[in-house]
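Below is one structure; the comments refer to it alone.
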Amino acid sequence: MRTEFSAEALQDPATAAAEAAIRRCVRCGFCTSTCPTYVLSREELDGPRGRIYLMKDMLENERQPTAEVVQHIDRCLSCLSCVTTCPSDVNYRHLVDHARRYIGERYRRPWGERLFRRMLLAVLPYRRRFALALTVGARLRPFAAGVRRIPGLRSWARMLESIPATRPRTPSPALSSTPSLLSNGQLPRRRVLLAQGCVEGALAPGAQAATRRLLTRLGYEVIVSEREGCCGALAHHLGEHEQSIAALRRNVAAWGGEGEVAAIVSTASGCSSMLKDYGWLLRGDAAYAAPAKVVAERVADVCEFIDRVGLPKPPGAAAVPPLRVAYHPPCSLQHGQRLRDLPVRLLREAGFEVQLPQDAHLCCGSAGSYSLLQPDIADALRERKLAALHRTQPDVIVTGNVGCAVHLAAAAGVPVLHTVELLDWAYGGPVPDALAFRSG
């Protein structure tokens, strides 16, 4: 696609990268067939090609963002399905992120939107604040229907509705960073740093508990850094550049002080996708560019790391109950990290019967804070996704991202677990709480 950015504008590295991405687009339209929002609306401007037109015009001419442009950019899930499909390798990920930053710096949203976004940015990235908010929100949950009827408070009502009716029982204890003996009396062969994330410990701690158990049995000492904070994805995707960069720098400094580790393991694919981009995002930061690159290279999704180090001989089907598993590949794993089939293979090797839905490439509608900010689209995508998953007649739905799990579980009708919870069970761990009724 031809561009006419000014020489002055291209002095900015982020603008130059956006221009390079736009130029690669040949307007073929392959991306529209796999874009969740285009599949729903069939509207050109709600597909990647249409959004690229809008972003090109806005960035190239340095226009003030309009409400219409902002609406269509906001509707993008950043699922990156278009990146997987694109034959021209358009870097849509960095392009849309740059456009969101541009919008964030130049567009004044209605007061209700501003207030809600500020609340999200003030609560979700902080583990203690989020846990407290979850407790308070659970008490207010019965009033969600009434809040929904108040004009302008749809997102607030959706937030209350998204709070799980019951809190998970699995504890999420802090880990010491001091070396210790494994349960078999042997010293661990290496250390692994487990990224704690923001909301997972309160919403779905079972995945991290299972990861600790499984990696310990594989001979690794699992540590955490108490200085770690949010990965920065929430602020980044909301166009809040300064808050996002501050989060990145904090984590790079925190993890750099933990010494040599075999990997930085994440059980939330949305986080690991962001963490793997640290090198790019801090490439122009003289103090953090080099250590950020090291951090990004060490990051591994939990299934990626487990596959790398190797599991024992597969236990076989006789070792696990005859569960029919429907696997939902999170967009951040299949498109952001190109690891769609790896968890399926690990589960099948563990003895589970695993099915992929026909529209496995499409987003479930969670997408971080998207399900709160765009609830109607998120609900439509979840309904479509669950219909496809239920056609496989599953006993359990499995995924690799806490956001997807919570979003799907609210309407799934069957247990929704993290991949590592089943792997831990298959290789000697306890029965996941949600499946305890089957253990007999």
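Going by the structure tokens order, chains are called A, B, ..., each with residues numbered from 1, while ligands are numbered from 1 in the order shown.
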Quiz item: Could you write out, as a ChimeraX atom specification, all the residues of range 122-281 of chain A that DSSP marks as alpha helix (DSSP H)?
Solution: /A:122-123,127-140,144-148,154-161,200-203,206-217,233-237,241-256,269-275,278-281
Quiz prompt | Close residues, Ser332 in chain A itself excluded, 10 Å, only C-alpha atoms, min 5 positions apart in chain, as a PyMOL selection string | solution = chain A and resi 78-81+268-274+337-340+363+367+400-401
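Look at Pro357 in chain A: the protein and nucleic acid residues within 12 Å of it, using only C-alpha atoms and passing over chain neighbours fewer than 3 places away, are A:Val325, A:Ala326, A:Tyr327, A:His328, A:Pro329, A:Val354, A:Ala360, A:His361, A:Leu362, A:Cys363, A:Cys364, A:Arg384, A:Lys385, A:Leu386, A:Ala387, A:Ala388, A:Leu389, A:His390, A:Arg391, A:Thr392, A:Gln393, A:Pro394, A:Ile397, A:Val398.
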Practice problem: Quick one: pull the distance between CA of Leu59 in chain A and CA of Ala9 in chain A, Å, one decimal. | Solution: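 These two atoms are separated by 9.1 Å.
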Quiz item: For Asn61 in chain A, which of A:Thr267, A:Ser162, A:Thr3, A:Ser371 is the closest residue, counting only C-alpha atoms?
Solution: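 Looking at the shortest contact to Asn61 in chain A, the residue is A:Thr3.
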Practice problem: Using only C-alpha atoms, find the one residue out of A:Leu435, A:Val295, A:Ala350, A:Leu215 that sits nearest to Arg308 in chain A. | Solution: A:Leu215
Quiz prompt | Nearest to Val406 in chain A, chosen from A:Glu258, A:Glu200, A:Asp12, A:Glu304, with only C-alpha atoms counted in the distances | solution =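 Among A:Glu258, A:Glu200, A:Asp12, A:Glu304, it is A:Glu200 that comes nearest to Val406 in chain A.
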Practice problem: For Glu62 in chain A, please output as number ranges by chain all residues within 12 Å (counting only C-alpha atoms; exclusion window: fewer than 6 positions along the same chain). | Solution: A: 4-6, 8-10, 15, 54-56, 99, 102-103, 106
Quiz item: range 320-440 of chain A: which residues are strand (DSSP E) by DSSP, as a list of chain:residue names?
Solution: A:Arg324, A:Val325, A:Ala326, A:Tyr327, A:Glu353, A:Val354, A:Gln355, A:Val396, A:Ile397, A:Val398, A:Thr399, A:Val416, A:Leu417, A:His418
Practice problem: Point out the residue among A:Val309, A:Ala412, A:Cys76, A:Leu281 with the least atom-to-atom distance to Ser369 in chain A, counting only C-alpha atoms. | Solution: A:Cys76
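Closest approach to Pro322 in chain A from the set A:Arg348, A:Arg149, A:Arg93, A:His237 is made by A:Arg348, with distances taken over only C-alpha atoms.
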Exercise. Kindly indicate which residue among A:Leu120, A:Leu346, A:Cys404, A:Leu423 lies nearest to Asp307 in chain A, using only C-alpha atoms for the distances.
Key: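 Between A:Leu120, A:Leu346, A:Cys404, A:Leu423, the residue approaching Asp307 in chain A most closely is A:Leu346.
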Quiz prompt | 8 Å contact set for Thr211 in chain A, only C-alpha atoms, chain neighbours under 6 positions out, as a PyMOL selection string | solution = chain A and resi 267+302+420-421+424
Would you save the residues of that selection, restricted to N, CA and C atoms, as an mmCIF file, in the first residue's frame?
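Printed below is again.cif as written:
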data_model
loop_
_atom_site.group_PDB
_atom_site.id
_atom_site.type_symbol
_atom_site.label_atom_id
_atom_site.label_comp_id
_atom_site.auth_asym_id
_atom_site.auth_seq_id
_atom_site.Cartn_x
_atom_site.Cartn_y
_atom_site.Cartn_z
ATOM 1 N N THR A 267 1.798 -18.863 33.013
ATOM 2 C CA THR A 267 0.624 -19.721 32.814
ATOM 3 C C THR A 267 -0.516 -18.967 32.142
ATOM 4 N N VAL A 302 3.886 -21.985 29.731
ATOM 5 C CA VAL A 302 4.116 -23.175 30.549
ATOM 6 C C VAL A 302 4.164 -24.450 29.709
ATOM 7 N N VAL A 420 -2.418 -27.025 32.004
ATOM 8 C CA VAL A 420 -1.443 -27.582 32.940
ATOM 9 C C VAL A 420 -2.115 -28.284 34.110
ATOM 10 N N GLU A 421 -3.358 -27.957 34.422
ATOM 11 C CA GLU A 421 -4.061 -28.649 35.499
ATOM 12 C C GLU A 421 -4.313 -30.111 35.129
ATOM 13 N N ASP A 424 -0.755 -31.890 35.075
ATOM 14 C CA ASP A 424 -0.299 -32.169 36.432
ATOM 15 C C ASP A 424 -1.021 -33.392 36.987
#
Quiz item: So how far away is CA of Ser266 in chain A from CA of Leu194 in chain A, in Å?
Solution: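 So the two atoms, CA of Leu194 in chain A and CA of Ser266 in chain A, lie 6.2 Å apart.
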